[in-house]
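Note: the block below is work.tsv and it holds TSV, C-alpha atoms.
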```
chain	number	residue	atom	x	y	z
A	1	MET	CA	-176.56	-103.51	81.34
A	2	THR	CA	-173.05	-102.65	82.55
A	3	HIS	CA	-171.32	-104.84	85.10
A	4	PRO	CA	-168.93	-102.61	87.11
A	5	ALA	CA	-167.93	-105.55	89.34
A	6	LEU	CA	-166.52	-107.40	86.32
A	7	PRO	CA	-163.68	-106.41	83.96
A	8	ALA	CA	-165.21	-105.12	80.75
A	9	PHE	CA	-163.68	-107.74	78.45
A	10	PRO	CA	-162.29	-111.22	79.12
A	11	HIS	CA	-159.46	-112.41	76.92
A	12	GLY	CA	-159.78	-115.50	74.77
A	13	TRP	CA	-161.43	-116.84	71.62
A	14	PHE	CA	-164.76	-115.38	70.54
A	15	ALA	CA	-167.00	-116.23	67.60
A	16	VAL	CA	-167.44	-113.27	65.26
A	17	ALA	CA	-169.29	-115.08	62.46
A	18	LEU	CA	-170.46	-118.44	61.25
A	19	ALA	CA	-168.39	-119.89	58.42
A	20	HIS	CA	-171.23	-119.76	55.88
A	21	GLU	CA	-171.50	-115.99	56.40
A	22	VAL	CA	-167.99	-115.55	55.00
A	23	ALA	CA	-168.07	-117.13	51.55
A	24	ALA	CA	-165.09	-116.91	49.20
A	25	GLY	CA	-164.59	-113.24	48.37
A	26	ALA	CA	-166.92	-112.04	51.13
A	27	VAL	CA	-166.12	-109.12	53.44
A	28	VAL	CA	-167.98	-108.83	56.76
A	29	ALA	CA	-167.80	-105.96	59.26
A	30	ARG	CA	-167.87	-106.87	62.96
A	31	ARG	CA	-167.23	-105.41	66.43
A	32	LEU	CA	-165.14	-107.24	69.04
A	33	CYS	CA	-164.36	-105.89	72.50
A	34	GLY	CA	-164.71	-102.26	71.44
A	35	HIS	CA	-162.80	-102.69	68.17
A	36	ASP	CA	-164.02	-102.52	64.58
A	37	ILE	CA	-162.70	-105.47	62.59
A	38	VAL	CA	-163.20	-106.87	59.13
A	39	VAL	CA	-163.64	-110.60	58.47
A	40	TRP	CA	-162.92	-111.73	54.93
A	41	ARG	CA	-162.09	-114.84	52.91
A	42	THR	CA	-159.43	-114.96	50.23
A	43	ALA	CA	-160.07	-116.43	46.80
A	44	GLY	CA	-158.10	-119.43	48.02
A	45	GLY	CA	-160.53	-119.97	50.89
A	46	GLN	CA	-158.55	-118.70	53.90
A	47	VAL	CA	-160.37	-116.60	56.48
A	48	ARG	CA	-158.56	-113.43	57.53
A	49	VAL	CA	-159.36	-110.81	60.16
A	50	ASN	CA	-157.87	-107.32	60.30
A	51	ASP	CA	-158.49	-103.95	61.85
A	52	ALA	CA	-161.26	-102.31	59.88
A	53	TYR	CA	-159.78	-98.97	58.86
A	54	CYS	CA	-157.52	-98.26	55.90
A	55	MET	CA	-154.15	-96.74	56.80
A	56	HIS	CA	-154.53	-94.11	54.07
A	57	LEU	CA	-157.51	-91.92	55.02
A	58	GLY	CA	-159.35	-94.22	57.39
A	59	ALA	CA	-162.09	-95.70	55.20
A	60	HIS	CA	-163.82	-98.78	56.61
A	61	LEU	CA	-162.68	-101.83	54.65
A	62	GLY	CA	-165.88	-103.69	55.55
A	63	VAL	CA	-168.20	-101.06	54.05
A	64	GLY	CA	-167.83	-101.34	50.30
A	65	GLY	CA	-164.46	-103.09	50.35
A	66	TRP	CA	-163.90	-106.24	48.30
A	67	VAL	CA	-161.49	-109.14	47.87
A	68	ASN	CA	-159.00	-109.30	45.02
A	69	GLY	CA	-157.40	-112.74	45.02
A	70	GLN	CA	-155.48	-112.92	48.31
A	71	SER	CA	-155.95	-109.26	49.23
A	72	ILE	CA	-158.66	-106.98	50.57
A	73	VAL	CA	-159.23	-103.72	48.71
A	74	CYS	CA	-160.18	-100.40	50.29
A	75	PRO	CA	-163.31	-98.93	48.64
A	76	PHE	CA	-162.01	-95.35	48.90
A	77	HIS	CA	-158.78	-95.36	46.86
A	78	GLY	CA	-158.16	-99.01	46.01
A	79	TRP	CA	-155.31	-99.65	48.45
A	80	GLU	CA	-154.79	-103.40	48.85
A	81	TYR	CA	-153.73	-105.34	51.95
A	82	ASP	CA	-152.78	-108.99	52.22
A	83	GLY	CA	-153.86	-111.36	54.99
A	84	SER	CA	-151.04	-110.19	57.26
A	85	GLY	CA	-152.38	-106.65	56.89
A	86	ARG	CA	-149.41	-105.43	54.86
A	87	CYS	CA	-150.12	-102.91	52.10
A	88	VAL	CA	-149.21	-104.68	48.86
A	89	ARG	CA	-150.57	-102.34	46.18
A	90	ILE	CA	-151.64	-98.77	45.56
A	91	PRO	CA	-153.13	-98.73	42.06
A	92	TYR	CA	-151.99	-95.21	41.16
A	93	GLU	CA	-148.46	-95.51	42.64
A	94	LYS	CA	-145.42	-97.58	41.61
A	95	ARG	CA	-144.82	-98.96	45.09
A	96	PRO	CA	-147.04	-99.66	48.10
A	97	MET	CA	-146.58	-97.87	51.41
A	98	ARG	CA	-144.89	-99.66	54.32
A	99	VAL	CA	-148.01	-99.69	56.46
A	100	THR	CA	-150.13	-102.44	57.98
A	101	VAL	CA	-153.74	-102.80	59.10
A	102	ALA	CA	-153.26	-104.98	62.15
A	103	PRO	CA	-154.12	-108.68	61.70
A	104	TRP	CA	-155.98	-110.68	64.36
A	105	HIS	CA	-155.41	-114.32	65.28
A	106	VAL	CA	-158.22	-116.35	63.73
A	107	ARG	CA	-159.38	-119.97	63.76
A	108	GLU	CA	-162.08	-121.50	61.59
A	109	GLN	CA	-163.52	-124.55	63.34
A	110	ASP	CA	-166.88	-126.08	64.17
A	111	GLU	CA	-168.22	-124.07	61.21
A	112	ALA	CA	-167.55	-120.83	63.10
A	113	VAL	CA	-164.94	-118.09	62.82
A	114	LEU	CA	-163.15	-117.54	66.13
A	115	VAL	CA	-160.97	-114.49	66.84
A	116	TRP	CA	-158.53	-114.10	69.72
A	117	PHE	CA	-158.74	-110.98	71.88
A	118	HIS	CA	-156.36	-109.90	74.64
A	119	PRO	CA	-156.45	-106.35	76.08
A	120	GLU	CA	-152.63	-106.22	76.05
A	121	GLY	CA	-152.32	-107.70	72.57
A	122	LEU	CA	-150.77	-110.95	73.79
A	123	PRO	CA	-150.91	-114.00	71.45
A	124	PRO	CA	-153.19	-117.01	72.04
A	125	THR	CA	-152.49	-119.09	75.12
A	126	SER	CA	-155.36	-121.55	74.70
A	127	GLU	CA	-157.52	-123.25	72.09
A	128	VAL	CA	-161.18	-124.19	71.90
A	129	PRO	CA	-161.65	-127.96	71.43
A	130	ALA	CA	-162.98	-128.87	67.99
A	131	LEU	CA	-165.71	-131.44	67.32
A	132	GLU	CA	-166.63	-133.76	64.44
A	133	TRP	CA	-169.71	-132.57	62.55
A	134	THR	CA	-170.19	-135.16	59.82
A	135	GLY	CA	-173.88	-136.05	59.47
A	136	PHE	CA	-175.25	-133.05	61.36
A	137	ALA	CA	-177.83	-130.51	60.24
A	138	HIS	CA	-177.55	-127.01	61.70
A	139	ARG	CA	-179.77	-124.02	62.43
A	140	SER	CA	-178.64	-120.74	63.93
A	141	ARG	CA	-180.05	-117.56	65.39
A	142	GLU	CA	-178.51	-114.34	66.70
A	143	TRP	CA	-179.37	-111.77	69.35
A	144	THR	CA	-177.81	-108.58	70.71
A	145	VAL	CA	-178.03	-108.60	74.49
A	146	ARG	CA	-177.12	-106.05	77.15
A	147	SER	CA	-175.00	-108.31	79.34
A	148	HIS	CA	-171.54	-109.79	79.89
A	149	PRO	CA	-170.17	-113.12	78.58
A	150	GLN	CA	-169.45	-114.38	82.10
A	151	GLU	CA	-173.08	-113.86	83.11
A	152	ILE	CA	-174.30	-115.76	80.07
A	153	CYS	CA	-171.94	-118.71	80.45
A	154	GLU	CA	-172.67	-118.84	84.19
A	155	ASN	CA	-176.14	-120.21	83.43
A	156	THR	CA	-174.61	-123.60	82.67
A	157	ALA	CA	-173.64	-123.91	86.34
A	158	ASP	CA	-176.98	-122.73	87.71
A	159	GLY	CA	-179.12	-125.80	88.24
A	160	ALA	CA	-182.01	-124.02	89.96
A	161	HIS	CA	-182.81	-121.69	87.08
A	162	PHE	CA	-183.76	-124.62	84.81
A	163	ARG	CA	-186.86	-125.11	86.94
A	164	TYR	CA	-187.96	-121.48	87.12
A	165	ILE	CA	-186.92	-120.08	83.75
A	166	HIS	CA	-187.09	-123.13	81.49
A	167	LYS	CA	-189.96	-124.87	83.35
A	168	PHE	CA	-188.16	-128.15	83.96
A	169	PRO	CA	-190.40	-130.15	86.28
A	170	ASN	CA	-187.59	-131.34	88.53
A	171	VAL	CA	-184.85	-129.62	90.49
A	172	MET	CA	-181.41	-130.02	88.89
A	173	ASP	CA	-178.20	-130.56	90.84
A	174	VAL	CA	-174.96	-129.59	89.11
A	175	ALA	CA	-171.42	-130.82	89.77
A	176	ALA	CA	-168.46	-129.10	88.08
A	177	ARG	CA	-165.14	-130.52	86.89
A	178	GLU	CA	-162.35	-128.27	85.66
A	179	ASP	CA	-160.13	-129.35	82.79
A	180	GLY	CA	-157.72	-126.54	82.02
A	181	ASP	CA	-159.44	-124.02	79.76
A	182	SER	CA	-162.74	-125.92	79.88
A	183	ILE	CA	-165.13	-126.59	82.72
A	184	TRP	CA	-167.58	-129.51	82.53
A	185	PHE	CA	-170.91	-129.90	84.29
A	186	ASP	CA	-172.82	-132.99	85.34
A	187	LEU	CA	-176.55	-132.24	85.60
A	188	ARG	CA	-178.56	-134.66	87.67
A	189	ILE	CA	-182.31	-134.70	88.13
A	190	ARG	CA	-183.63	-134.93	91.65
A	191	ASP	CA	-186.19	-137.68	91.32
A	192	GLY	CA	-189.38	-137.04	93.19
A	193	GLU	CA	-188.72	-133.34	93.74
A	194	VAL	CA	-191.12	-131.67	91.35
A	195	GLY	CA	-191.69	-127.99	91.81
A	196	GLU	CA	-195.12	-126.41	91.96
A	197	ARG	CA	-196.45	-124.99	88.73
A	198	ALA	CA	-197.12	-121.30	88.36
A	199	ALA	CA	-200.62	-120.17	87.50
A	200	GLY	CA	-201.37	-121.01	83.88
A	201	GLU	CA	-198.22	-123.06	83.44
A	202	PRO	CA	-198.74	-126.19	81.33
A	203	VAL	CA	-198.46	-129.66	82.80
A	204	PRO	CA	-194.77	-130.54	83.26
A	205	PHE	CA	-193.19	-132.79	80.68
A	206	GLU	CA	-191.48	-136.01	81.78
A	207	ILE	CA	-187.70	-135.99	81.41
A	208	THR	CA	-186.48	-138.51	84.00
A	209	GLY	CA	-184.61	-141.33	82.28
A	210	ARG	CA	-184.96	-139.93	78.76
A	211	ALA	CA	-181.37	-139.08	77.96
A	212	ASP	CA	-178.77	-141.77	77.38
A	213	SER	CA	-176.06	-139.17	78.04
A	214	ASN	CA	-175.82	-135.45	78.66
A	215	VAL	CA	-172.63	-133.40	78.40
A	216	THR	CA	-172.50	-129.71	79.28
A	217	ALA	CA	-169.40	-127.51	79.26
A	218	VAL	CA	-168.01	-124.02	78.87
A	219	HIS	CA	-164.99	-123.80	76.59
A	220	GLY	CA	-162.97	-120.62	76.99
A	221	PRO	CA	-164.63	-117.37	78.05
A	222	GLY	CA	-167.40	-117.28	75.47
A	223	MET	CA	-168.82	-120.64	74.40
A	224	ALA	CA	-171.36	-122.77	76.26
A	225	PHE	CA	-171.89	-126.26	74.87
A	226	ASN	CA	-174.34	-129.07	75.45
A	227	GLU	CA	-174.75	-132.51	73.87
A	228	THR	CA	-177.65	-134.84	74.61
A	229	ARG	CA	-177.98	-138.37	73.21
A	230	ALA	CA	-181.33	-140.13	73.38
A	231	LYS	CA	-182.93	-142.89	71.30
A	232	GLY	CA	-180.30	-142.66	68.58
A	233	ARG	CA	-180.60	-138.90	68.27
A	234	ILE	CA	-177.74	-136.51	69.00
A	235	LEU	CA	-178.64	-132.93	69.89
A	236	ARG	CA	-175.84	-130.38	70.18
A	237	ASN	CA	-176.24	-126.75	71.21
A	238	ARG	CA	-173.61	-124.04	71.12
A	239	LEU	CA	-174.12	-120.54	72.46
A	240	TYR	CA	-171.31	-118.17	71.56
A	241	ALA	CA	-171.23	-115.06	73.77
A	242	THR	CA	-169.09	-112.43	72.02
A	243	PRO	CA	-168.60	-109.02	73.67
A	244	THR	CA	-168.89	-106.27	71.07
A	245	ASP	CA	-168.76	-103.28	73.42
A	246	GLU	CA	-168.78	-102.84	77.17
A	247	GLY	CA	-172.06	-104.24	78.43
A	248	VAL	CA	-173.12	-105.53	74.98
A	249	VAL	CA	-172.90	-109.14	73.83
A	250	ARG	CA	-173.61	-110.64	70.41
A	251	LEU	CA	-175.10	-114.09	70.94
A	252	ILE	CA	-174.77	-116.69	68.20
A	253	GLY	CA	-176.85	-119.77	68.96
A	254	VAL	CA	-176.32	-122.93	66.90
A	255	HIS	CA	-178.58	-125.98	67.20
A	256	SER	CA	-177.37	-129.19	65.54
A	257	VAL	CA	-178.96	-132.61	65.08
A	258	ALA	CA	-177.65	-135.99	63.87
A	259	PHE	CA	-178.94	-139.57	63.98
A	260	GLU	CA	-176.95	-142.69	64.76
A	261	ASP	CA	-179.24	-144.79	62.54
A	262	GLY	CA	-178.62	-142.72	59.42
A	263	ARG	CA	-181.89	-140.79	59.34
A	264	ASP	CA	-181.72	-137.49	57.46
A	265	PRO	CA	-181.32	-134.76	60.12
A	266	GLU	CA	-182.70	-132.10	57.77
A	267	GLU	CA	-186.08	-133.83	57.92
A	268	HIS	CA	-186.26	-133.67	61.73
A	269	ILE	CA	-184.34	-130.63	62.95
A	270	GLU	CA	-187.32	-128.29	62.75
A	271	ARG	CA	-189.02	-130.31	65.51
A	272	THR	CA	-186.26	-129.73	68.03
A	273	MET	CA	-184.64	-126.37	67.34
A	274	GLY	CA	-187.30	-124.46	69.30
A	275	TRP	CA	-187.78	-126.15	72.65
A	276	ALA	CA	-184.30	-127.64	72.69
A	277	ALA	CA	-182.40	-124.43	71.97
A	278	PHE	CA	-183.75	-121.12	70.75
A	279	ASP	CA	-186.83	-120.87	72.97
A	280	ALA	CA	-184.73	-121.62	76.03
A	281	TRP	CA	-182.11	-119.00	75.22
A	282	GLU	CA	-184.77	-116.40	74.54
A	283	ASP	CA	-186.29	-117.16	77.95
A	284	ASP	CA	-182.96	-116.19	79.52
A	285	ILE	CA	-182.52	-112.85	77.75
A	286	PRO	CA	-184.87	-110.72	79.92
A	287	ILE	CA	-183.02	-111.95	83.01
A	288	TRP	CA	-179.58	-111.24	81.56
A	289	GLU	CA	-180.57	-107.77	80.40
A	290	ASN	CA	-182.12	-106.64	83.67
A	291	LYS	CA	-179.97	-108.17	86.40
A	292	ILE	CA	-176.92	-106.81	88.18
A	293	TYR	CA	-173.83	-108.83	89.01
A	294	ARG	CA	-173.43	-109.60	92.71
A	295	PRO	CA	-169.80	-110.55	93.46
A	296	LYS	CA	-170.93	-111.98	96.80
A	297	PRO	CA	-174.42	-113.46	96.52
A	298	PHE	CA	-176.49	-113.06	99.68
A	299	ALA	CA	-176.99	-116.81	100.01
A	300	THR	CA	-175.16	-119.52	98.13
A	301	HIS	CA	-176.54	-122.93	99.04
A	302	PRO	CA	-174.57	-126.19	98.84
A	303	SER	CA	-176.55	-126.99	95.68
A	304	GLU	CA	-174.89	-123.98	94.04
A	305	GLU	CA	-171.29	-125.01	94.60
A	306	ALA	CA	-170.87	-125.45	90.85
A	307	LEU	CA	-171.71	-121.79	90.33
A	308	VAL	CA	-169.07	-120.76	92.87
A	309	GLN	CA	-166.53	-123.04	91.21
A	310	PHE	CA	-167.41	-121.65	87.78
A	311	ARG	CA	-166.75	-118.09	88.93
A	312	ARG	CA	-163.35	-119.00	90.30
A	313	TRP	CA	-162.46	-120.89	87.13
A	314	TYR	CA	-163.56	-117.97	84.92
A	315	GLN	CA	-161.02	-115.65	86.55
A	316	ARG	CA	-158.35	-117.09	84.24
A	317	TRP	CA	-159.89	-115.05	81.41
A	318	TYR	CA	-159.19	-111.70	83.07
A	319	ALA	CA	-155.79	-110.05	82.88
A	320	ASP	CA	-154.55	-109.19	86.40
A	321	ALA	CA	-157.95	-109.87	87.95
A	322	ALA	CA	-158.17	-110.78	91.63
A	323	PRO	CA	-159.88	-114.13	92.40
A	324	ASP	CA	-163.63	-113.92	92.79
A	325	ARG	CA	-164.54	-115.56	96.07
A	326	ALA	CA	-168.26	-115.12	95.65
A	327	GLY	CA	-170.14	-117.50	97.87
A	328	ALA	CA	-167.02	-118.94	99.52
A	329	ARG	CA	-167.60	-120.22	103.02
```

Will you turn the file into structure tokens for me?
Amino acid sequence: MTHPALPAFPHGWFAVALAHEVAAGAVVARRLCGHDIVVWRTAGGQVRVNDAYCMHLGAHLGVGGWVNGQSIVCPFHGWEYDGSGRCVRIPYEKRPMRVTVAPWHVREQDEAVLVWFHPEGLPPTSEVPALEWTGFAHRSREWTVRSHPQEICENTADGAHFRYIHKFPNVMDVAAREDGDSIWFDLRIRDGEVGERAAGEPVPFEITGRADSNVTAVHGPGMAFNETRAKGRILRNRLYATPTDEGVVRLIGVHSVAFEDGRDPEEHIERTMGWAAFDAWEDDIPIWENKIYRPKPFATHPSEEALVQFRRWYQRWYADAAPDRAGAR
């Protein structure tokens, strides 16, 4: 689904792989904002990202290419490039050519590989906050979705959809707080306001008072985050929304569990990764893939002020974009 009312690609950090997908010596082909890139790890353990095509005759370095020490080798004629993209060796010539396959800014954090994109090629102007992951078990899943990263991250600000898409029994109010390149959301349950069940819908589960704390945020243009603490258990969910082409997003969902009392998270994560993460995201996909973007929603109620605030905040991720005043009164 294309979104003509939105710029095709925001600028910022986007996840192109999980760290375990790029082992030492591995070469992985990816798409990011209409560009073919290659993600690879040197023998010394550093993750590098470069344009995908060899400067010689244009072979794709991620299709048959390999790592030689600190360099990536083209599968076609053996040309080698270092992490900066500079040609350092041509096996059948005395000297390499003075050519470069363009490098991309890359960060490896939170067990993910993040790459910076800017349509004008400008360097990073922000960072994604990193977390401590000692004692956590992780599970991940991926989807390709016809949508836009703003639409996907916007769900964090939409309190009403939790009732109708995710079958929460209560209405959720959301308050937003901006903090530079992050926006935080406080979700509050409206006690006593339980929606009617649809035909065949199971009896609502009880959630009032369960969580000791709940933190929800969007960091940068493409990562929605939630942490819930309850009864000594810490649940963390990350949904990375990475635009690969116009109107196409690669979703990387990561569900993580830890216990404050030292219980082994690997023994318990299977119980929570469905209802707490993957099932919920999959419920959203048909909506994302079949909706249009309305810059000015027909009716934006006071309960949806967080959504309006989110849209205004998100404008920072568009180069030369005019402010979105959707729903302003």

_Taking 4 positions as the minimum chain separation for residues in the same chain, which residues sit within 9 Å of Asn50 of chain A when counting all atoms listed in the file? Answer as a VMD selection string._
chain A and resid 36 to 40 83 to 85 101 to 105

*From the list A:Val215, A:Phe117, A:Gly247, A:Phe259, which residue is nearest Lys231 of chain A when using only C-alpha atoms?*
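Selected residue with least distance to Lys231 of chain A: A:Phe259.
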
*Choose the residue, out of A:Lys167, A:Arg236, A:Arg31, A:Arg271, that has the smallest atom-to-atom separation from Ala258 of chain A; count all atoms listed in the file.*
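Of A:Lys167, A:Arg236, A:Arg31, A:Arg271, the one nearest Ala258 of chain A is A:Arg236, counting all atoms listed in the file.
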
*asked:* Between atom CA of Leu239 of chain A and atom CA of Leu122 of chain A, what distance in Å does the model show, to one decimal?
replied: 25.3 Å

*May I have the residues at most 12 Å from (-187.1, -119.1, 74.0) in the file's coordinates, counting only C-alpha atoms, as a list in words?*
Arg141, Trp143, Ile165, His166, Lys167, Gly253, Met273, Gly274, Trp275, Ala276, Ala277, Phe278, Asp279, Ala280, Trp281, Glu282, Asp283, Asp284, Ile285 and Pro286 of chain A

*May I have the residues within 9 Å of Tyr81 of chain A as a ChimeraX atom specification, using all atoms listed in the file and disregarding those fewer than 6 positions away in the same chain?*
/A:54,70-74,87-89,100-101

Those selected residues, please, written with C-alpha atoms and delivered as an mmCIF file, keeping the file's coordinate frame.
```cif
data_model
loop_
_atom_site.group_PDB
_atom_site.id
_atom_site.type_symbol
_atom_site.label_atom_id
_atom_site.label_comp_id
_atom_site.auth_asym_id
_atom_site.auth_seq_id
_atom_site.Cartn_x
_atom_site.Cartn_y
_atom_site.Cartn_z
ATOM 1 C CA CYS A 54 -157.520 -98.260 55.900
ATOM 2 C CA GLN A 70 -155.480 -112.920 48.310
ATOM 3 C CA SER A 71 -155.950 -109.260 49.230
ATOM 4 C CA ILE A 72 -158.660 -106.980 50.570
ATOM 5 C CA VAL A 73 -159.230 -103.720 48.710
ATOM 6 C CA CYS A 74 -160.180 -100.400 50.290
ATOM 7 C CA CYS A 87 -150.120 -102.910 52.100
ATOM 8 C CA VAL A 88 -149.210 -104.680 48.860
ATOM 9 C CA ARG A 89 -150.570 -102.340 46.180
ATOM 10 C CA THR A 100 -150.130 -102.440 57.980
ATOM 11 C CA VAL A 101 -153.740 -102.800 59.100
#
```

*asked:* What's around Gly62 of chain A at 7 Å? Count all atoms listed in the file, leave out sequence neighbours fewer than 4 positions away in its own chain, and write the answer as a list in words.
replied: Val27, Val28, Ala29, Val38 and Ala52 of chain A

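Each of A:Gly159, A:Pro96, A:Pro221, A:Gly25 was checked against Asp181 of chain A using only C-alpha atoms; the smallest atom-to-atom distance is that of A:Pro221.
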
*Which residue of A:Ile234, A:Ile90, A:Ala137, A:Ala319 approaches Asp261 of chain A most closely, using only C-alpha atoms*: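 Of A:Ile234, A:Ile90, A:Ala137, A:Ala319, the one nearest Asp261 of chain A is A:Ile234, counting only C-alpha atoms.
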
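For the pair atom CA of Gly232 of chain A and atom CA of Glu260 of chain A, the separation is 5.1 Å.
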
*So which one's closest to Tyr314 of chain A, A:Glu267, A:Glu178, A:Asp245, A:Asp186? Using only C-alpha atoms, please.*
A:Glu178

Answer as a CSV table (one decimal) with C-alpha atoms, keeping the file's coordinate frame, residues within 12 Å of (-165.5, -118.8, 61.5) using only C-alpha atoms:
```csv
chain,number,residue,atom,x,y,z
A,13,TRP,CA,-161.4,-116.8,71.6
A,14,PHE,CA,-164.8,-115.4,70.5
A,15,ALA,CA,-167.0,-116.2,67.6
A,16,VAL,CA,-167.4,-113.3,65.3
A,17,ALA,CA,-169.3,-115.1,62.5
A,18,LEU,CA,-170.5,-118.4,61.2
A,19,ALA,CA,-168.4,-119.9,58.4
A,20,HIS,CA,-171.2,-119.8,55.9
A,21,GLU,CA,-171.5,-116.0,56.4
A,22,VAL,CA,-168.0,-115.6,55.0
A,23,ALA,CA,-168.1,-117.1,51.6
A,28,VAL,CA,-168.0,-108.8,56.8
A,39,VAL,CA,-163.6,-110.6,58.5
A,40,TRP,CA,-162.9,-111.7,54.9
A,41,ARG,CA,-162.1,-114.8,52.9
A,45,GLY,CA,-160.5,-120.0,50.9
A,46,GLN,CA,-158.6,-118.7,53.9
A,47,VAL,CA,-160.4,-116.6,56.5
A,48,ARG,CA,-158.6,-113.4,57.5
A,49,VAL,CA,-159.4,-110.8,60.2
A,105,HIS,CA,-155.4,-114.3,65.3
A,106,VAL,CA,-158.2,-116.4,63.7
A,107,ARG,CA,-159.4,-120.0,63.8
A,108,GLU,CA,-162.1,-121.5,61.6
A,109,GLN,CA,-163.5,-124.6,63.3
A,110,ASP,CA,-166.9,-126.1,64.2
A,111,GLU,CA,-168.2,-124.1,61.2
A,112,ALA,CA,-167.6,-120.8,63.1
A,113,VAL,CA,-164.9,-118.1,62.8
A,114,LEU,CA,-163.2,-117.5,66.1
A,115,VAL,CA,-161.0,-114.5,66.8
A,116,TRP,CA,-158.5,-114.1,69.7
A,240,TYR,CA,-171.3,-118.2,71.6
A,252,ILE,CA,-174.8,-116.7,68.2
```

*Considering all atoms listed in the file, return as a ChimeraX atom specification whatever protein or nucleic-acid residues lie within 10 Å of Phe136 of chain A, sequence-local ones (same chain, fewer than 3 positions apart) excluded.*
/A:132-133,234-236,255-259,264-266,269
